[in-house]
>>> print(open('work-v6.csv').read())   # CSV, C-alpha atoms and all ligand atoms
chain,number,residue,atom,x,y,z
A,1235,MET,CA,0.0,0.0,0.0
A,1236,GLU,CA,1.0,3.6,-0.5
A,1237,LYS,CA,1.1,6.0,2.5
A,1238,VAL,CA,0.4,9.7,2.9
A,1239,SER,CA,0.7,12.0,5.9
A,1240,VAL,CA,-2.6,13.6,6.8
A,1241,ASN,CA,-3.6,15.5,9.9
A,1242,GLY,CA,-0.6,14.3,11.8
A,1243,ILE,CA,-1.0,10.5,11.0
A,1244,SER,CA,0.2,8.2,8.3
A,1245,LEU,CA,-2.8,7.0,6.2
A,1246,ALA,CA,-2.3,3.9,4.0
A,1247,TYR,CA,-4.3,3.5,0.8
A,1248,GLU,CA,-4.5,1.4,-2.4
A,1249,ARG,CA,-5.2,3.0,-5.7
A,1250,ARG,CA,-6.1,1.1,-8.8
A,1251,GLY,CA,-8.2,1.2,-12.0
A,1252,THR,CA,-9.0,3.9,-14.5
A,1253,GLY,CA,-11.9,6.4,-14.7
A,1254,THR,CA,-13.5,9.0,-12.5
A,1255,PRO,CA,-12.3,8.5,-8.9
A,1256,LEU,CA,-14.4,6.5,-6.5
A,1257,LEU,CA,-13.3,6.7,-2.9
A,1258,LEU,CA,-14.3,3.6,-0.9
A,1259,ALA,CA,-14.5,3.8,2.9
A,1260,HIS,CA,-14.5,0.4,4.6
A,1261,GLY,CA,-16.6,-0.8,7.6
A,1262,PHE,CA,-15.8,-1.6,11.3
A,1263,PRO,CA,-13.7,-3.4,12.4
A,1264,LEU,CA,-12.3,-4.0,8.9
A,1265,ASP,CA,-9.9,-2.6,6.3
A,1266,HIS,CA,-9.5,-1.9,2.6
A,1267,SER,CA,-9.0,-5.6,1.8
A,1268,THR,CA,-12.8,-6.1,2.2
A,1269,TRP,CA,-13.2,-4.2,-1.2
A,1270,GLU,CA,-11.2,-6.7,-3.2
A,1271,ALA,CA,-14.0,-8.6,-4.9
A,1272,LEU,CA,-15.9,-5.3,-5.7
A,1273,ALA,CA,-12.7,-3.6,-6.9
A,1274,ALA,CA,-12.2,-6.5,-9.4
A,1275,GLN,CA,-15.6,-5.6,-10.8
A,1276,LEU,CA,-15.2,-1.8,-10.8
A,1277,GLU,CA,-11.6,-1.2,-11.8
A,1278,THR,CA,-12.4,-0.6,-15.5
A,1279,ASP,CA,-15.2,1.9,-14.5
A,1280,PHE,CA,-13.5,4.0,-11.9
A,1281,GLU,CA,-10.1,4.9,-10.5
A,1282,LEU,CA,-10.5,3.3,-7.0
A,1283,ILE,CA,-9.1,4.9,-3.9
A,1284,MET,CA,-9.3,2.5,-1.0
A,1285,PRO,CA,-7.8,3.7,2.2
A,1286,ASP,CA,-7.4,2.0,5.6
A,1287,LEU,CA,-9.2,4.6,7.7
A,1288,ARG,CA,-7.6,6.2,10.8
A,1289,GLY,CA,-7.2,3.5,13.4
A,1290,PHE,CA,-7.4,0.5,10.9
A,1291,GLY,CA,-5.2,-1.8,9.0
A,1292,GLN,CA,-1.9,-0.3,8.0
A,1293,SER,CA,-2.8,3.3,8.9
A,1294,ASP,CA,-1.8,4.9,12.2
A,1295,ALA,CA,-4.1,4.2,15.2
A,1296,PRO,CA,-3.5,7.1,17.6
A,1297,ALA,CA,-5.0,6.7,21.1
A,1298,GLY,CA,-8.1,8.7,22.1
A,1299,ALA,CA,-11.6,9.2,20.7
A,1300,TYR,CA,-12.0,9.9,17.0
A,1301,THR,CA,-14.9,11.7,15.3
A,1302,VAL,CA,-16.5,10.9,11.9
A,1303,GLU,CA,-15.7,14.5,10.9
A,1304,GLN,CA,-12.0,13.9,11.7
A,1305,MET,CA,-12.0,10.6,9.8
A,1306,ALA,CA,-13.7,12.3,6.8
A,1307,GLY,CA,-11.1,15.1,7.1
A,1308,ASP,CA,-8.4,12.5,6.6
A,1309,LEU,CA,-10.1,11.4,3.4
A,1310,ASN,CA,-10.3,15.0,2.2
A,1311,GLU,CA,-6.5,15.4,2.9
A,1312,LEU,CA,-5.9,12.2,1.0
A,1313,LEU,CA,-7.8,13.4,-2.0
A,1314,LYS,CA,-5.9,16.7,-1.9
A,1315,ALA,CA,-2.6,14.9,-1.8
A,1316,LEU,CA,-3.7,12.9,-4.8
A,1317,LYS,CA,-4.9,16.1,-6.5
A,1318,ILE,CA,-8.4,14.8,-6.9
A,1319,PRO,CA,-10.9,17.7,-6.8
A,1320,GLN,CA,-14.1,15.7,-7.1
A,1321,ALA,CA,-14.9,12.0,-6.6
A,1322,TYR,CA,-17.7,9.5,-6.1
A,1323,ILE,CA,-17.6,8.3,-2.5
A,1324,ALA,CA,-19.1,5.1,-1.1
A,1325,GLY,CA,-19.0,3.6,2.3
A,1326,HIS,CA,-19.7,0.3,3.9
A,1327,SER,CA,-21.6,0.6,7.2
A,1328,MET,CA,-19.2,2.7,9.4
A,1329,GLY,CA,-17.6,3.8,6.1
A,1330,GLY,CA,-21.1,5.2,5.2
A,1331,TYR,CA,-21.1,7.3,8.3
A,1332,ILE,CA,-17.8,8.7,7.3
A,1333,ALA,CA,-18.9,9.2,3.6
A,1334,LEU,CA,-21.9,11.1,5.0
A,1335,ALA,CA,-19.6,13.3,7.1
A,1336,PHE,CA,-17.4,13.9,4.1
A,1337,ALA,CA,-20.4,14.9,2.0
A,1338,ARG,CA,-21.7,17.2,4.7
A,1339,ALA,CA,-18.4,19.0,4.9
A,1340,HIS,CA,-17.5,19.0,1.2
A,1341,PRO,CA,-20.7,18.6,-0.9
A,1342,GLU,CA,-19.1,20.4,-3.9
A,1343,GLN,CA,-16.5,17.6,-4.1
A,1344,VAL,CA,-19.0,14.8,-4.2
A,1345,LEU,CA,-20.2,13.5,-7.6
A,1346,GLY,CA,-22.3,10.8,-6.0
A,1347,LEU,CA,-22.7,8.9,-2.8
A,1348,GLY,CA,-23.1,5.1,-2.2
A,1349,LEU,CA,-24.2,3.7,1.1
A,1350,ILE,CA,-23.6,0.0,1.4
A,1351,GLY,CA,-25.2,-1.8,4.5
A,1352,SER,CA,-25.3,1.6,6.2
A,1353,GLN,CA,-27.7,4.0,7.8
A,1354,ALA,CA,-28.3,7.8,8.3
A,1355,THR,CA,-29.8,7.6,11.8
A,1356,PRO,CA,-27.6,8.1,14.9
A,1357,ASP,CA,-27.2,5.6,17.7
A,1358,SER,CA,-30.0,5.0,20.1
A,1359,PRO,CA,-29.1,5.6,23.8
A,1360,GLU,CA,-28.8,1.8,24.3
A,1361,ALA,CA,-26.6,1.4,21.2
A,1362,LYS,CA,-24.4,4.2,22.4
A,1363,ALA,CA,-24.0,2.7,25.9
A,1364,GLY,CA,-23.1,-0.6,24.3
A,1365,ARG,CA,-20.3,1.0,22.3
A,1366,TYR,CA,-18.9,2.6,25.4
A,1367,ALA,CA,-19.1,-0.8,27.2
A,1368,THR,CA,-17.1,-2.3,24.3
A,1369,VAL,CA,-14.5,0.5,24.5
A,1370,GLN,CA,-14.0,-0.4,28.2
A,1371,LYS,CA,-13.7,-4.1,27.4
A,1372,LEU,CA,-11.2,-3.4,24.6
A,1373,SER,CA,-9.0,-1.4,27.0
A,1374,GLN,CA,-8.9,-4.4,29.3
A,1375,GLU,CA,-8.9,-7.4,27.0
A,1376,GLY,CA,-7.8,-6.2,23.6
A,1377,VAL,CA,-9.2,-6.8,20.1
A,1378,LYS,CA,-10.3,-10.4,20.8
A,1379,VAL,CA,-13.5,-8.9,22.3
A,1380,LEU,CA,-14.6,-8.1,18.7
A,1381,ALA,CA,-14.1,-11.7,17.5
A,1382,GLY,CA,-17.8,-12.5,17.7
A,1383,MET,CA,-18.5,-9.9,14.9
A,1384,ALA,CA,-16.8,-12.1,12.4
A,1385,GLU,CA,-19.8,-14.3,12.1
A,1386,LYS,CA,-22.3,-11.5,11.8
A,1387,LEU,CA,-20.6,-9.5,9.0
A,1388,SER,CA,-21.8,-11.8,6.2
A,1389,ALA,CA,-24.7,-14.1,5.7
A,1390,ASN,CA,-22.2,-16.6,4.2
A,1391,PRO,CA,-20.5,-18.5,7.0
A,1392,ASP,CA,-17.5,-19.2,4.7
A,1393,HIS,CA,-16.5,-15.5,5.1
A,1394,ALA,CA,-16.1,-15.6,8.9
A,1395,PRO,CA,-12.4,-16.8,8.9
A,1396,PHE,CA,-11.5,-13.9,6.5
A,1397,PHE,CA,-13.2,-11.3,8.8
A,1398,LEU,CA,-11.7,-12.9,11.9
A,1399,GLU,CA,-8.2,-12.6,10.6
A,1400,ILE,CA,-8.7,-8.9,9.9
A,1401,ILE,CA,-10.3,-8.3,13.3
A,1402,LEU,CA,-7.5,-10.0,15.2
A,1403,SER,CA,-4.9,-8.0,13.4
A,1404,GLN,CA,-6.3,-4.6,14.4
A,1405,ARG,CA,-5.1,-2.4,17.3
A,1406,ALA,CA,-7.3,-1.8,20.4
A,1407,THR,CA,-6.6,2.0,20.3
A,1408,GLY,CA,-8.0,2.2,16.7
A,1409,MET,CA,-11.1,0.2,17.6
A,1410,MET,CA,-11.7,2.3,20.7
A,1411,GLY,CA,-11.3,5.5,18.8
A,1412,ALA,CA,-13.6,4.5,16.0
A,1413,LEU,CA,-16.3,3.1,18.3
A,1414,GLN,CA,-16.5,6.6,20.0
A,1415,ALA,CA,-16.7,8.2,16.6
A,1416,MET,CA,-19.7,6.0,15.7
A,1417,ALA,CA,-21.3,6.6,19.1
A,1418,GLU,CA,-21.2,10.4,18.7
A,1419,ARG,CA,-22.1,10.6,15.0
A,1420,PRO,CA,-24.9,13.0,14.2
A,1421,ASP,CA,-28.2,12.3,12.5
A,1422,SER,CA,-27.5,12.6,8.7
A,1423,GLY,CA,-31.2,12.3,7.7
A,1424,PRO,CA,-31.9,16.0,7.3
A,1425,PHE,CA,-28.7,16.5,5.3
A,1426,LEU,CA,-29.5,13.5,3.0
A,1427,ALA,CA,-33.0,14.6,2.5
A,1428,SER,CA,-31.7,17.7,0.7
A,1429,ALA,CA,-28.8,16.0,-1.1
A,1430,LYS,CA,-28.1,17.4,-4.6
A,1431,PHE,CA,-25.9,14.5,-5.8
A,1432,PRO,CA,-27.1,11.1,-6.8
A,1433,VAL,CA,-27.4,8.6,-4.0
A,1434,VAL,CA,-27.3,4.8,-4.3
A,1435,LEU,CA,-28.3,2.5,-1.4
A,1436,VAL,CA,-27.2,-1.2,-1.4
A,1437,HIS,CA,-28.5,-3.3,1.5
A,1438,GLY,CA,-28.7,-7.1,2.1
A,1439,LEU,CA,-32.1,-8.3,3.2
A,1440,ALA,CA,-30.3,-10.7,5.5
A,1441,ASP,CA,-28.2,-8.0,7.2
A,1442,ALA,CA,-27.7,-9.1,10.8
A,1443,LEU,CA,-26.1,-5.9,12.0
A,1444,ILE,CA,-28.0,-3.0,10.4
A,1445,PRO,CA,-31.6,-3.8,9.5
A,1446,HIS,CA,-32.5,-3.3,5.8
A,1447,GLU,CA,-35.4,-1.0,6.9
A,1448,ARG,CA,-32.7,1.6,7.6
A,1449,ALA,CA,-32.1,1.9,3.8
A,1450,ARG,CA,-35.8,2.1,3.1
A,1451,GLN,CA,-35.9,4.9,5.7
A,1452,ILE,CA,-33.3,6.9,3.6
A,1453,LYS,CA,-35.3,6.2,0.5
A,1454,SER,CA,-38.4,7.6,2.1
A,1455,LEU,CA,-36.5,10.8,3.0
A,1456,LEU,CA,-34.9,11.0,-0.5
A,1457,PRO,CA,-37.2,9.3,-3.0
A,1458,GLY,CA,-34.7,9.9,-5.8
A,1459,ALA,CA,-32.2,7.6,-4.1
A,1460,MET,CA,-31.6,4.4,-6.0
A,1461,LEU,CA,-32.2,1.4,-3.7
A,1462,SER,CA,-30.9,-2.1,-4.4
A,1463,GLU,CA,-32.1,-4.7,-1.9
A,1464,LEU,CA,-30.3,-8.0,-2.2
A,1465,ALA,CA,-32.1,-11.2,-1.1
A,1466,GLY,CA,-30.0,-13.7,0.9
A,1467,ILE,CA,-27.2,-11.2,1.4
A,1468,GLY,CA,-26.0,-10.0,4.8
A,1469,HIS,CA,-24.0,-7.0,6.1
A,1470,SER,CA,-21.3,-7.1,3.4
A,1471,PRO,CA,-22.8,-6.9,-0.1
A,1472,ALA,CA,-19.4,-5.8,-1.6
A,1473,LEU,CA,-18.0,-9.2,-0.6
A,1474,GLU,CA,-21.1,-11.3,-0.8
A,1475,ALA,CA,-22.6,-10.0,-4.0
A,1476,PRO,CA,-19.8,-8.0,-5.8
A,1477,VAL,CA,-21.5,-8.1,-9.2
A,1478,GLU,CA,-24.8,-6.7,-8.0
A,1479,THR,CA,-23.1,-4.2,-5.8
A,1480,ALA,CA,-20.9,-3.0,-8.7
A,1481,GLN,CA,-24.0,-2.7,-10.9
A,1482,ALA,CA,-25.8,-0.6,-8.3
A,1483,LEU,CA,-22.8,1.8,-7.9
A,1484,ARG,CA,-22.4,2.2,-11.6
A,1485,LYS,CA,-25.9,3.8,-11.5
A,1486,LEU,CA,-24.3,6.8,-9.8
A,1487,THR,CA,-22.6,7.7,-13.1
A,1488,GLU,CA,-25.7,7.1,-15.2
A,1489,LYS,CA,-27.7,9.4,-13.0
A,1490,ASN,CA,-24.9,11.9,-13.2
A,1491,SER,CA,-24.7,12.0,-17.0
A,1492,SER,CA,-28.5,12.3,-17.3
A,1493,GLN,CA,-28.6,15.3,-15.0
B,1,LIG,C1,-19.8,-1.7,10.6
B,1,LIG,O1,-20.0,-2.8,10.0
B,1,LIG,O2,-19.1,-0.8,10.1
B,1,LIG,C2,-20.5,-1.5,12.0
B,1,LIG,O3,-21.2,-2.7,12.3
B,1,LIG,C3,-21.3,-0.3,12.0
B,1,LIG,C4,-21.9,0.0,13.3
B,1,LIG,O4,-21.5,-0.7,14.3
B,1,LIG,O5,-22.8,0.8,13.4
>>> encode(input="work-v6.csv", output="structure tokens", more="lines below")
Ligand code: MLT
Amino acid sequence: MEKVSVNGISLAYERRGTGTPLLLAHGFPLDHSTWEALAAQLETDFELIMPDLRGFGQSDAPAGAYTVEQMAGDLNELLKALKIPQAYIAGHSMGGYIALAFARAHPEQVLGLGLIGSQATPDSPEAKAGRYATVQKLSQEGVKVLAGMAEKLSANPDHAPFFLEIILSQRATGMMGALQAMAERPDSGPFLASAKFPVVLVHGLADALIPHERARQIKSLLPGAMLSELAGIGHSPALEAPVETAQALRKLTEKNSSQ
């Protein structure tokens, strides 16, 4: 991976393919390698920029709470370093929260937004409390406390060992920082309702982590959003159904050229 210095940390990223840039933000507690199957589908349509977000993979994982705005700020610095003034941006789950924060801060740079297995609503008080309890456990026991997520990230049990390996290679500081960013993220509903760029939603109907109703909720706020619901697919459509996910994301460009 290549590395760039942004906001005082080293951010690792993979860049491949040709076309208009598409920045892909991975989910929690994962890294850029979860885009591999989708990247193979999209590399002839887009120039793909696939970072390891602050706290994850080969990027630095400073101690302390992160915010989605800060994580989006890292991506803005990355695009600046690559001299990319405008891009499509898509995020998986937590990556969607960061893509939304990016779009809120830099709407003029966003050609289109993809939310994959994600949501616009903030945490409920219970979900927030659960995140802080996990932060506490992580500080005491390390990343193995997240191992149970490996089985929930896909509806296909064959994917669990792949996810487990990524989870166990993470650093507790990064996971703790990102959990706090997710716990404190704002409601993106009102912003999305007035989005001027095309929006694609991809959601597995068998998602065990974020119910598919959350994507329908966005669609009801923004009827122009293009929703692809995938039967039998869980929380990771990019890995579980790369062909269908790629097809859905290509619609961002069709919509753009017809506007
Ligand atoms: C993710 O897959 O990124 C997380 O499950 C999102 C979340 O915990 O809200």
>>> residues_near_point(input="work-v6.csv", point="(-26.6, 10.6, 7.6)", cutoff="8 Å", atoms="all atoms listed in the file", output="ChimeraX atom specification")
/A:1331,1334-1335,1353-1356,1420-1426
>>> closest_residue(input="work-v6.csv", among="A:Ala1273, A:Ala1324, A:Leu1245, A:Val1369", to="Gly1307 of chain A", atoms="only C-alpha atoms")
A:Leu1245
>>> residues_near_ligand(input="work-v6.csv", ligand="ligand LIG 1 (chain B)", cutoff="9 Å", atoms="all atoms listed in the file", output="number ranges by chain")
A: 1260-1264, 1325-1331, 1351-1353, 1356-1357, 1361, 1365, 1383, 1386-1387, 1413, 1416-1417, 1443-1444, 1469-1470
>>> closest_residue(input="work-v6.csv", among="A:Leu1312, A:Glu1478, A:Thr1268, A:Ser1428", to="Ile1401 of chain A", atoms="only C-alpha atoms")
A:Thr1268
>>> closest_residue(input="work-v6.csv", among="A:Ala1363, A:Leu1256, A:Gly1468, A:Ile1283", to="Met1235 of chain A", atoms="only C-alpha atoms")
A:Ile1283
>>> residues_around(input="work-v6.csv", residues="Ala1337 of chain A", least_positions_apart="5", cutoff="12 Å", atoms="all atoms listed in the file", output="PDB file with C-alpha atoms, keeping the file's coordinate frame")
ATOM      1  CA  LEU A1257     -13.300   6.700  -2.900  1.00  0.00           C
ATOM      2  CA  VAL A1302     -16.500  10.900  11.900  1.00  0.00           C
ATOM      3  CA  GLU A1303     -15.700  14.500  10.900  1.00  0.00           C
ATOM      4  CA  ALA A1306     -13.700  12.300   6.800  1.00  0.00           C
ATOM      5  CA  GLY A1307     -11.100  15.100   7.100  1.00  0.00           C
ATOM      6  CA  LEU A1309     -10.100  11.400   3.400  1.00  0.00           C
ATOM      7  CA  ASN A1310     -10.300  15.000   2.200  1.00  0.00           C
ATOM      8  CA  GLN A1320     -14.100  15.700  -7.100  1.00  0.00           C
ATOM      9  CA  ALA A1321     -14.900  12.000  -6.600  1.00  0.00           C
ATOM     10  CA  TYR A1322     -17.700   9.500  -6.100  1.00  0.00           C
ATOM     11  CA  ILE A1323     -17.600   8.300  -2.500  1.00  0.00           C
ATOM     12  CA  ALA A1324     -19.100   5.100  -1.100  1.00  0.00           C
ATOM     13  CA  GLY A1325     -19.000   3.600   2.300  1.00  0.00           C
ATOM     14  CA  GLY A1330     -21.100   5.200   5.200  1.00  0.00           C
ATOM     15  CA  TYR A1331     -21.100   7.300   8.300  1.00  0.00           C
ATOM     16  CA  ILE A1332     -17.800   8.700   7.300  1.00  0.00           C
ATOM     17  CA  GLU A1342     -19.100  20.400  -3.900  1.00  0.00           C
ATOM     18  CA  GLN A1343     -16.500  17.600  -4.100  1.00  0.00           C
ATOM     19  CA  VAL A1344     -19.000  14.800  -4.200  1.00  0.00           C
ATOM     20  CA  LEU A1345     -20.200  13.500  -7.600  1.00  0.00           C
ATOM     21  CA  GLY A1346     -22.300  10.800  -6.000  1.00  0.00           C
ATOM     22  CA  LEU A1347     -22.700   8.900  -2.800  1.00  0.00           C
ATOM     23  CA  GLY A1348     -23.100   5.100  -2.200  1.00  0.00           C
ATOM     24  CA  LEU A1349     -24.200   3.700   1.100  1.00  0.00           C
ATOM     25  CA  SER A1422     -27.500  12.600   8.700  1.00  0.00           C
ATOM     26  CA  PHE A1425     -28.700  16.500   5.300  1.00  0.00           C
ATOM     27  CA  LEU A1426     -29.500  13.500   3.000  1.00  0.00           C
ATOM     28  CA  SER A1428     -31.700  17.700   0.700  1.00  0.00           C
ATOM     29  CA  ALA A1429     -28.800  16.000  -1.100  1.00  0.00           C
ATOM     30  CA  LYS A1430     -28.100  17.400  -4.600  1.00  0.00           C
ATOM     31  CA  PHE A1431     -25.900  14.500  -5.800  1.00  0.00           C
ATOM     32  CA  PRO A1432     -27.100  11.100  -6.800  1.00  0.00           C
ATOM     33  CA  VAL A1433     -27.400   8.600  -4.000  1.00  0.00           C
TER      34      VAL A1433
END
>>> closest_residue(input="work-v6.csv", among="A:Ser1267, A:Ser1462, A:Gln1414, A:Thr1301", to="Met1284 of chain A", atoms="all atoms listed in the file")
A:Ser1267
>>> atom_distance(input="work-v6.csv", atom1="atom CA of Leu1461 of chain A", atom2="atom CA of Pro1359 of chain A")
28.0 Å
>>> atom_distance(input="work-v6.csv", atom1="atom CA of Ser1403 of chain A", atom2="atom CA of Pro1296 of chain A")
15.7 Å
>>> atom_distance(input="work-v6.csv", atom1="atom CA of Ala1333 of chain A", atom2="atom CA of Glu1270 of chain A")
18.9 Å
>>> closest_residue(input="work-v6.csv", among="A:Asp1265, A:Gly1411, A:Ile1467, A:Asp1308", to="Phe1396 of chain A", atoms="all atoms listed in the file")
A:Asp1265
>>> decode(input="work-v6.csv", residues="segment 1355-1368 of chain A", atoms="N, CA, C and O atoms", output="mmCIF file, in the first residue's frame")
data_model
loop_
_atom_site.group_PDB
_atom_site.id
_atom_site.type_symbol
_atom_site.label_atom_id
_atom_site.label_comp_id
_atom_site.auth_asym_id
_atom_site.auth_seq_id
_atom_site.Cartn_x
_atom_site.Cartn_y
_atom_site.Cartn_z
ATOM 1 N N THR A 1355 -29.350 7.280 10.444
ATOM 2 C CA THR A 1355 -29.771 7.649 11.802
ATOM 3 C C THR A 1355 -28.618 7.489 12.791
ATOM 4 O O THR A 1355 -27.730 6.658 12.579
ATOM 5 N N PRO A 1356 -28.639 8.269 13.876
ATOM 6 C CA PRO A 1356 -27.582 8.118 14.889
ATOM 7 C C PRO A 1356 -27.869 6.927 15.804
ATOM 8 O O PRO A 1356 -28.912 6.276 15.669
ATOM 9 N N ASP A 1357 -26.967 6.648 16.743
ATOM 10 C CA ASP A 1357 -27.171 5.565 17.709
ATOM 11 C C ASP A 1357 -28.326 5.883 18.659
ATOM 12 O O ASP A 1357 -28.481 7.029 19.089
ATOM 13 N N SER A 1358 -29.083 4.850 19.032
ATOM 14 C CA SER A 1358 -30.036 4.985 20.135
ATOM 15 C C SER A 1358 -29.216 5.091 21.427
ATOM 16 O O SER A 1358 -28.030 4.704 21.430
ATOM 17 N N PRO A 1359 -29.808 5.575 22.526
ATOM 18 C CA PRO A 1359 -29.062 5.630 23.795
ATOM 19 C C PRO A 1359 -28.506 4.251 24.179
ATOM 20 O O PRO A 1359 -27.378 4.148 24.672
ATOM 21 N N GLU A 1360 -29.262 3.173 23.896
ATOM 22 C CA GLU A 1360 -28.798 1.815 24.252
ATOM 23 C C GLU A 1360 -27.588 1.427 23.407
ATOM 24 O O GLU A 1360 -26.618 0.857 23.911
ATOM 25 N N ALA A 1361 -27.664 1.723 22.103
ATOM 26 C CA ALA A 1361 -26.555 1.361 21.214
ATOM 27 C C ALA A 1361 -25.289 2.120 21.627
ATOM 28 O O ALA A 1361 -24.184 1.569 21.642
ATOM 29 N N LYS A 1362 -25.486 3.384 21.991
ATOM 30 C CA LYS A 1362 -24.361 4.231 22.408
ATOM 31 C C LYS A 1362 -23.715 3.633 23.665
ATOM 32 O O LYS A 1362 -22.491 3.506 23.739
ATOM 33 N N ALA A 1363 -24.559 3.282 24.635
ATOM 34 C CA ALA A 1363 -24.038 2.711 25.884
ATOM 35 C C ALA A 1363 -23.276 1.415 25.584
ATOM 36 O O ALA A 1363 -22.231 1.133 26.179
ATOM 37 N N GLY A 1364 -23.810 0.627 24.651
ATOM 38 C CA GLY A 1364 -23.149 -0.623 24.259
ATOM 39 C C GLY A 1364 -21.764 -0.350 23.679
ATOM 40 O O GLY A 1364 -20.807 -1.074 23.967
ATOM 41 N N ARG A 1365 -21.645 0.696 22.881
ATOM 42 C CA ARG A 1365 -20.338 1.039 22.290
ATOM 43 C C ARG A 1365 -19.341 1.385 23.400
ATOM 44 O O ARG A 1365 -18.194 0.952 23.368
ATOM 45 N N TYR A 1366 -19.794 2.199 24.382
ATOM 46 C CA TYR A 1366 -18.857 2.597 25.437
ATOM 47 C C TYR A 1366 -18.472 1.399 26.317
ATOM 48 O O TYR A 1366 -17.347 1.327 26.798
ATOM 49 N N ALA A 1367 -19.402 0.451 26.478
ATOM 50 C CA ALA A 1367 -19.066 -0.768 27.237
ATOM 51 C C ALA A 1367 -18.001 -1.556 26.475
ATOM 52 O O ALA A 1367 -17.059 -2.116 27.068
ATOM 53 N N THR A 1368 -18.117 -1.600 25.144
ATOM 54 C CA THR A 1368 -17.116 -2.309 24.333
ATOM 55 C C THR A 1368 -15.767 -1.598 24.397
ATOM 56 O O THR A 1368 -14.711 -2.249 24.448
#
